[in-house]
Amino acid sequence: MNNSLSTIEPPHKMPGHRSNILIVDDAISNIETLAKILESDCDVSIATSGPKALDLLTRSARPDLILLDVMMPGMDGFEVFDAIKRMPALCDIPVIFITAMSDAASEFRALAAGAMDFIQKPFNPAVVLARVQLHLGLVQQRKDLEALNLKLAQSLLETQQAQEKMRVLATALEYSPTSVLITSPAGLIEYVNPHFVRSTGYTADEVVSKNPRLLSSGLTGRDVYKNLWATLHRGEVWSGELINRAKDGRIYRAEAHIAPVKDDQGRTSRYVAIQLDITSKHEAEQAAIRARQRELEISANIQQQLLFGQLPSNMPAYSIACFSEASQVVDGDFYTFTTLGPASFEVLTGDVMGKGVSAALVGAGVKNTYREVFLDLMIGANGQGLPSPAALINAIHARTSPHLIDLGVFVTLSLLRFDHAASTVTWVNAGHGPTLLATGQGEVQELLGDNMPLGVMQEEIYVEHVTPMRQGDTLLVFTDGLSEATDGQQNQYGIERVKNALQHSQQVGLSPQSTLDKMRAEVGHFTDHGKLHDDLTVILVQSLAPGSASNG
């Protein structure tokens, strides 16, 4: 991988300047992809974990921008971000999160903490370049503006005898797009520029000799002010967000930068504060978050109608229970039931790589393709029988895999056909996790197979298997959100716990619904009812004796 990347030349930078970007991601493939996108524009440093990134930041020259992956083992992106913000020498480095997550809560958490933006996976090169260039430009322009205003304000105090220079500086401050406020070491206001007057409604006479707390709205946390003064007393520049109140009672948000001014003996003689009103930006961000949440709610309702089928009715030979939960409101899991006869049906279960709306759309497309190929094969058979599970999966593969390969997405599938009269289940496993079959005696078998997921190899040929399923046997099909659920120490629930839970339920004679309820309770206890990191779907089918009542 070439670590030398091209020149970004936003209008504020001199030709030849090369920005340095630190990429933090545990996936080498993601690092290589980003490096290839950026290699003609910047110099790149890399770190494959949070601790390595923090070590690199303390030992090497600080980067201009950090691209930080959210989901990393051990120390995730939010923890790395918090650690950076606690380091005075590094806290003002802009951070853009790179993530596959798209839920509003995660975006709000990062933006509220001070992140600049998100770049979603899979990466779009044009989007990556545009956002990196945009934020490098914005950050540098803001630094230039802050440096200019600080220089102007400090020069105003240091050159009181130079009247001509004072008039030049006053003119610059007159047209500054930010509020400038200068206080004494005791914190009393000595000077405010015209933009401060326009923004707050206070005249200079009303605020001079007053404490800046007259702008306090009571909405800024006490810990913010505590950190502000601790930073200034260390002789460092403080940057942060303040929620202020104007003279007319209007609440506004300000991005503030406050710097101590030192005299010849190194003592603080003044404090210079620059404030940029970001109320409109904040309101726009909140509106975007609300719109995103509404979009997710609508998508979830659509998903429930399109991706999750109804249980087969009038099926007294079987007891069935199922459950699905998204990790991000909408997900890439799906299932559908097809009734084939009075004592026969099949269920297709799928899991799309990724999460969120895009995964749900892929899942809906694969499910619809299943319905289409089932009908096409039935028509082609001219009433000579049902298409086999293998024929169905191979037909779905032929229609969808070319598109999935182009998109860089794969889908795992499990197709199970139940025949009560033959006491069998015929199945095809396309890269899905193991299906578990518990016999009436409590023995648990794994039905796995060796076929790849759809969207991996165009030449793949899918093979079906036939397994006896007798009265009293219970079959469990699930997505990896169950076995890969994690506790607070990142330990996985694991396939063995799933097998043990199924075996115990079978031995004590629980119904599929009772087994499902018990599993959900156990997983919730294991994860301490924390947020799922992956979508979770569970389906249980039990073969009943003739005349038994369905208890699922």
# chains A, B, ... in the order shown; residues from 1 in each chain; ligands from 1
>>> residues_around(residues="A:Thr203", least_positions_apart="5", cutoff="9 Å", atoms="only C-alpha atoms", output="ChimeraX atom specification")
/A:192,194,196-198,208
>>> residues_around(residues="A:Val366", least_positions_apart="3", cutoff="9 Å", atoms="only C-alpha atoms", output="PyMOL selection string")
chain A and resi 350+361-363+369-371+396+400+411
>>> closest_residue(among="A:Leu404, A:Ala147, A:Ile320, A:Ala395", to="A:Ile274", atoms="only C-alpha atoms")
A:Ala147
>>> residues_around(residues="A:Gln471", least_positions_apart="3", cutoff="7 Å", atoms="only C-alpha atoms", output="PyMOL selection string")
chain A and resi 543-545
>>> closest_residue(among="A:Val508, A:Met71, A:Ala115, A:Leu475", to="A:Ala321", atoms="only C-alpha atoms")
A:Leu475
>>> select_by_dssp(residues="stretch 111-310 of chain A", states="strand (DSSP E or B)", output="MDAnalysis selection string")
chainID A and resid 117:120 179:183 189:192 216 238:245 251:262 268:277 308
>>> residues_around(residues="stretch 234-239 of chain A", least_positions_apart="4", cutoff="9 Å", atoms="only C-alpha atoms", output="ChimeraX atom specification")
/A:88,91-92,227-230,255-262,268
>>> closest_residue(among="A:Leu57, A:Ala27, A:Glu446, A:Leu129", to="A:Glu39", atoms="only C-alpha atoms")
A:Leu129
>>> atom_distance(atom1="atom CA of A:Asp376", atom2="atom CA of A:Leu407")
25.6 Å
